[in-house]
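Scroll down for the structure; my scribbles are underneath it.
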4 protein chains.
Amino acid sequence: MNLHGIYPPIITPFRNGEVDYAGLAHNVRRWMGTGLRGLLALGSNGEAAFVDDDEAERIVATVREGVPRDRVLLVGTGRQSTRATITATTRAAKAGADAVLVLTPFYFKSQMTQEALADHYRAVADASPVPVLLYNFTNVTGINMTPDAVAALSAHPNIVGLKDSNGDIGQVAGVVARVPPDFTVLVGSAATLHPAIVVGASGGIVAVANVVPEVCVRLFDLARAGQHDEARALQRRLTPLANAVTAGYGIAGLKVAMDIAGYAGGEVRRPLRPAKPEAREVLQRLYEELTS
Amino acid sequence: MNLHGIYPPIITPFRNGEVDYAGLAHNVRRWMGTGLRGLLALGSNGEAAFVDDDEAERIVATVREGVPRDRVLLVGTGRQSTRATITATTRAAKAGADAVLVLTPFYFKSQMTQEALADHYRAVADASPVPVLLYNFTNVTGINMTPDAVAALSAHPNIVGLKDSNGDIGQVAGVVARVPPDFTVLVGSAATLHPAIVVGASGGIVAVANVVPEVCVRLFDLARAGQHDEARALQRRLTPLANAVTAGYGIAGLKVAMDIAGYAGGEVRRPLRPAKPEAREVLQRLYEELTS
Amino acid sequence: MNLHGIYPPIITPFRNGEVDYAGLAHNVRRWMGTGLRGLLALGSNGEAAFVDDDEAERIVATVREGVPRDRVLLVGTGRQSTRATITATTRAAKAGADAVLVLTPFYFKSQMTQEALADHYRAVADASPVPVLLYNFTNVTGINMTPDAVAALSAHPNIVGLKDSNGDIGQVAGVVARVPPDFTVLVGSAATLHPAIVVGASGGIVAVANVVPEVCVRLFDLARAGQHDEARALQRRLTPLANAVTAGYGIAGLKVAMDIAGYAGGEVRRPLRPAKPEAREVLQRLYEELTS
Amino acid sequence: MNLHGIYPPIITPFRNGEVDYAGLAHNVRRWMGTGLRGLLALGSNGEAAFVDDDEAERIVATVREGVPRDRVLLVGTGRQSTRATITATTRAAKAGADAVLVLTPFYFKSQMTQEALADHYRAVADASPVPVLLYNFTNVTGINMTPDAVAALSAHPNIVGLKDSNGDIGQVAGVVARVPPDFTVLVGSAATLHPAIVVGASGGIVAVANVVPEVCVRLFDLARAGQHDEARALQRRLTPLANAVTAGYGIAGLKVAMDIAGYAGGEVRRPLRPAKPEAREVLQRLYEELTS
């Protein structure tokens, strides 16, 4: 399974508090008309923390219907316990996931030694019917999986890659230098997609690819082709919108941007709050500046 | 409902990976033979993050059987979404909770403004059949609810108290100074139980009370009676074990200490790791020093 | 030398960019008319980081003139290198310091192990003509000296005490439990002065004592006399002004409050910025609420 | 003045506690035989925090003697107060500095708003006889100067560049995108030198260039020439030693590595501690792996 390329961590559209499966299917159809390598369902940006197990299963099934077999459907299945992570992984695989993305457990931060994390991932990978990708995201978890820990886990036959969302290019380079060539390193920060590819990353799972998948794919292609001046220029044009739909305005802002771009964005679930009117104005402007 | 006093955030004993309900019932019987004001089921120390919804319901029911109506059964029901928190709260109330303890949601830290937290708590309190206590625990969540935010929420008729586990006595004093007299402030740090009561806290929900409830109750009584020299002396004796069963050796260590004290401690669930042999030795020594 | 009691970390008044020695002498005279145990010159609040060596020497001499021998003159002499700290300590002692307060060096944070700190303090204490107090202030330094490290250093015959400005009452209690009875623990946070004394602190070096020394001394006396209800009530009245002149409005705010109280406050040195007009209004109100 | 290229932040060799000026002159001669663009004297790695003003002046003069006018001598002159920074800047310029590097003041972190920093830098730049480079190093200072703040200051005619030591490539890219083309951005992290150049940095001031200047210059040349595969490969070979002489073993380790490479390394000043024997072994091995 070749995982190289660009993926959006797809949002979960809600309407009147419930999952909008029709909107979701609409989005998937449209994304599949672009050069995206695949989709990640039920990541952080999918508000996976806010959907229940039955919703999760139906979301995966809905997305699977729209993702042909030559594209990749990744599904986020990290839970706080090893046991629950295995259960979620098994369900996701059954519902159609090609591979799963497993966030480091983090509730008991101070006890999540590199050893505890390794033990967790090995148990999940042993039990999973599909390949597993590690997921390192310190802003959310307060935990950083070191390059050495990733390297050790990369020897497991069912652990095939890493998503690293820290935006720390030095650490990405450190990982790439230590893992086998067929271990896939995807990054989660669109604002450093170009330099990440320069140091050896194989692609990205980036929020802004929900909104402007074509631009992200184009940036990836330029960087991989060694057209670094063009890549740098496009990166600079992409970064303002990329920052606005993540750190800037959060998931509510990302969904507003999707509405602007003609996708089904919709509501966020509480305790997230709707975007403020000025967010919409800024996002509209940034979207137009990038795409015009 | 008078909530003043000492509560253990009770551990969930596991055996061969499953909840040991008999062990749990045994523990409850023994705790109810002490001066504890009540119990908190499904807090952090109860590994609530690792039990599923059906286990949670049965745990509450099991504990309720052993807790007479003149004692207090608190149940942790915080979830990441407002929706799931309300569902868990309703189930806990039905299963016998006298009140619920709701941890601040924290998955999307940067978006959890004081306003978003207030909105979340109001929605939960509006929907909850039983009174709600706020729960502030920055080490786990990365979020700090300010005294002003607590004060604003204390006006809600169904929000009756706060557990603050930060060990920040200045902030505890700040909260006490701002809330009505019948709003209960319980602290989560045994090592600062005495000074917390001095500045106005009404008791504590402290891990070490799982192991030595009598000592914790005695400390509470001394502090409330104004016998501060005796309280300070007892606090100093309690602190080493209190630190060892939390920051020191984590929940696995707490369970070892419970085994030592004749309670059903048992296993932890992964990704937590069993205590190392040296932890057992240290805990044995600290337990004996405190209780001999 | 009995160090128990309340000290202001005295501000250094500036006028037209230069030290206002006359204003300083005026302040000292007035402080010496209260029950303060002594003064700390050239602490953080004295903008010691902004005065040069010759100014420092003259500041100490000026203050010494006004501080009778039965009161205590402490002087801050911490520098980044051991060598410079010893030089500053020797000069301060010659200029009249009764004891020196030495902040942990912190420029190379990651290399300041407990061992390196211990080595530094032993060298300074060996060389110092006057007793040395340790100074732990993590907000400024990013370094925390553990209770065990303090306890080890308390065995040195020329290390007689600690100022701890972290406001962490549990840690203050931990230190007090580990050091000999004649080792003095002073705290730096006025908002937790009362609970600090309850757990065994011997007094405080607190910014707000620049402005309202009598109130701070009264709070200390109440707490030491075991009049905890009165102490708690006075603590609550003191805390708003105490917070405003430190975390709230910084040293510029502290100086404004001194002007309000009839002391010589004056300018701050850049890069600190003058207080904004609304700071003056708030401080005026808080001062009047406390002293009326 | 073209500042593009590689600079070592040169160490200050000490022998028997005093500056070893002969060793320093030896080092300068040898560095000047390489393709280095220039030298930075009295940076963090120069233990500037530990040398006094007279030593500083003589260090600058000693280095200036060995640096021809077509190379660049940068000197670190940041102090905590604006006043002292201006004094140090003026002395450094008189002693021969071509430009000065000014670390953000950081003693009063919480009060160092972007506005206060801007005001500080403008005052220093107005007063400085030579051009000024901003210096952002959050690990040391706890302060981060934002790309917007840097962009605003880049309009000042006497502020000509920035050293950014955070290793945050996204932020480097953000700065480059906002400043005029003749504003020089140098980075301080050797482990991300290649990606930094890819996103637009003009060079680096990196500790490991003290030891292996030729390798760093070669990496810079490859990256600037667009030979990214070769650059990436060389970056991977350089990174282990680069990490070891900074985060790994600190300045004491850097000096050991210099001894190994035939430069005058020498002692560190306390409170820094000498490198342990195993550091020497590791550094020897890493040096040989890189240079053989």
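To be explicit about the labels: the chains of the structure tokens are called A, B, and onward in the order shown, and within each one the residues are counted from 1, while ligands get numbers from 1 in the order they are shown.
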Could you pull out all residues of region 47-218 of chain B with a DSSP call of strand (DSSP E) and give them as a VMD selection string?
-> chain B and resid 72 to 76 99 to 103 132 to 136 159 to 164 184 to 187 203 to 205
Within 6 Å of chain D: residues of chain A, using only C-alpha atoms, as a list in words = Gly170, Thr192 and Pro195 of chain A
Neighbours of Pro9 (chain B) within 10 Å (only C-alpha atoms; same-chain residues fewer than 5 positions away dropped), as a PyMOL selection string?
-> chain B and resi 38-46+74-76+188+204-210
Please produce an output containing C-alpha atoms for each residue in the selection, written as a compact mmCIF listing (two decimals), in the first residue's frame.
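The file below, out-v1.txt, is the result:
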```
# COMPACT_ATOMS: atom_id res chain seq x y z
CA GLY B 38 -18.79 9.51 50.82
CA LEU B 39 -17.12 8.13 47.73
CA LEU B 40 -16.31 9.36 44.25
CA ALA B 41 -16.70 6.63 41.67
CA LEU B 42 -15.26 6.91 38.14
CA GLY B 43 -12.84 9.72 38.75
CA SER B 44 -9.36 9.80 37.21
CA ASN B 45 -8.08 7.36 39.82
CA GLY B 46 -10.99 5.09 38.98
CA LEU B 74 -20.36 11.23 43.65
CA VAL B 75 -19.78 9.97 40.11
CA GLY B 76 -17.41 11.33 37.49
CA GLY B 188 -7.84 16.99 45.15
CA GLY B 204 -11.10 16.80 49.87
CA ILE B 205 -11.38 14.07 47.29
CA VAL B 206 -7.91 12.65 47.67
CA ALA B 207 -6.36 9.48 46.30
CA VAL B 208 -4.62 8.48 49.52
CA ALA B 209 -8.03 8.27 51.22
CA ASN B 210 -8.48 5.03 49.30
```
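Residue nearest Val132 (chain D) within the list D:Val185, D:Ala25, D:Leu290, D:Val100: D:Val100 [criterion: smallest interatomic distance, only C-alpha atoms].
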Please report, as an NGL selection string, each residue of region 88-239 of chain B to which DSSP assigns helix (DSSP H, G or I) when run on this structure's backbone.
-> :B and (88-95 or 109-111 or 114-127 or 138-141 or 147-153 or 169-178 or 190-198 or 207-210 or 213-224 or 228-239)
Excluding Glu115 (chain C) and any residue of its chain fewer than 2 positions from it, enumerate the residues within 12 Å of it, using only C-alpha atoms, and give them as a PDB file with C-alpha atoms, in the first residue's frame.
```pdb
ATOM      1  CA  GLN C 111      22.270  22.532  32.355  1.00  0.00           C
ATOM      2  CA  MET C 112      21.274  23.788  35.810  1.00  0.00           C
ATOM      3  CA  THR C 113      20.910  20.384  37.431  1.00  0.00           C
ATOM      4  CA  LEU C 117      22.935  24.530  41.725  1.00  0.00           C
ATOM      5  CA  ALA C 118      24.268  22.937  44.904  1.00  0.00           C
ATOM      6  CA  ASP C 119      27.827  23.427  43.743  1.00  0.00           C
ATOM      7  CA  HIS C 120      27.105  27.082  42.948  1.00  0.00           C
ATOM      8  CA  TYR C 121      25.523  27.799  46.325  1.00  0.00           C
ATOM      9  CA  ARG C 122      28.274  26.054  48.269  1.00  0.00           C
ATOM     10  CA  MET C 145      15.025  23.878  43.332  1.00  0.00           C
ATOM     11  CA  THR C 146      13.538  20.785  44.943  1.00  0.00           C
ATOM     12  CA  ASP C 148      15.540  17.755  48.793  1.00  0.00           C
ATOM     13  CA  ALA C 149      18.108  20.095  47.240  1.00  0.00           C
ATOM     14  CA  VAL C 150      17.197  22.841  49.712  1.00  0.00           C
ATOM     15  CA  ALA C 152      20.901  19.277  51.518  1.00  0.00           C
ATOM     16  CA  LEU C 153      22.103  22.887  51.336  1.00  0.00           C
TER      17      LEU C 153
ATOM     18  CA  ARG D 270      30.711  27.831  36.887  1.00  0.00           C
ATOM     19  CA  PRO D 271      27.852  27.173  37.468  1.00  0.00           C
ATOM     20  CA  LEU D 272      28.380  25.194  34.266  1.00  0.00           C
ATOM     21  CA  ARG D 273      30.033  21.879  35.008  1.00  0.00           C
TER      22      ARG D 273
END
```
Which residues, written as a PDB file with N, CA and C atoms, in the first residue's frame, have at least one atom at most 7 Å from Ala275 (chain A), with only C-alpha atoms counted and residues fewer than 2 positions away on the same chain left out?
```
ATOM      1  N   ALA A 252     -14.462  25.229  13.901  1.00  0.00           N
ATOM      2  CA  ALA A 252     -15.603  26.022  13.437  1.00  0.00           C
ATOM      3  C   ALA A 252     -15.200  26.857  12.230  1.00  0.00           C
ATOM      4  N   GLY A 253     -14.001  27.414  12.273  1.00  0.00           N
ATOM      5  CA  GLY A 253     -13.501  28.193  11.141  1.00  0.00           C
ATOM      6  C   GLY A 253     -13.259  27.324   9.917  1.00  0.00           C
ATOM      7  N   ARG A 273     -17.580  26.176  19.848  1.00  0.00           N
ATOM      8  CA  ARG A 273     -18.512  27.281  19.653  1.00  0.00           C
ATOM      9  C   ARG A 273     -18.513  27.679  18.182  1.00  0.00           C
ATOM     10  N   PRO A 277     -18.798  36.156  13.307  1.00  0.00           N
ATOM     11  CA  PRO A 277     -18.955  36.729  11.963  1.00  0.00           C
ATOM     12  C   PRO A 277     -17.638  37.223  11.360  1.00  0.00           C
ATOM     13  N   ALA A 279     -14.762  35.970  11.660  1.00  0.00           N
ATOM     14  CA  ALA A 279     -14.015  34.823  11.138  1.00  0.00           C
ATOM     15  C   ALA A 279     -14.432  34.558   9.696  1.00  0.00           C
TER      16      ALA A 279
END
```
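Across the model, the gap from CA of Phe14 (chain B) to CA of Ala61 (chain B) is 16.6 Å.
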What separation in Å, quoted to one decimal, exists between CA of Val72 (chain D) and CA of Ala125 (chain D)?
-> 18.5 Å
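Picture a line from CA of Ala116 (chain D) to CA of Leu103 (chain D); it runs 13.5 Å.
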Nearest residue to Ala242 (chain D) from the set D:Ile143, D:Leu286, D:Val63, D:Val19 (distances using only C-alpha atoms) = D:Leu286
Can you tell me, as a PyMOL selection string, what residues are no more than 9 Å from Gly35 (chain D) when counting only C-alpha atoms, ignoring any on the same chain fewer than 6 positions away?
-> chain D and resi 5-6+213-214+217-218
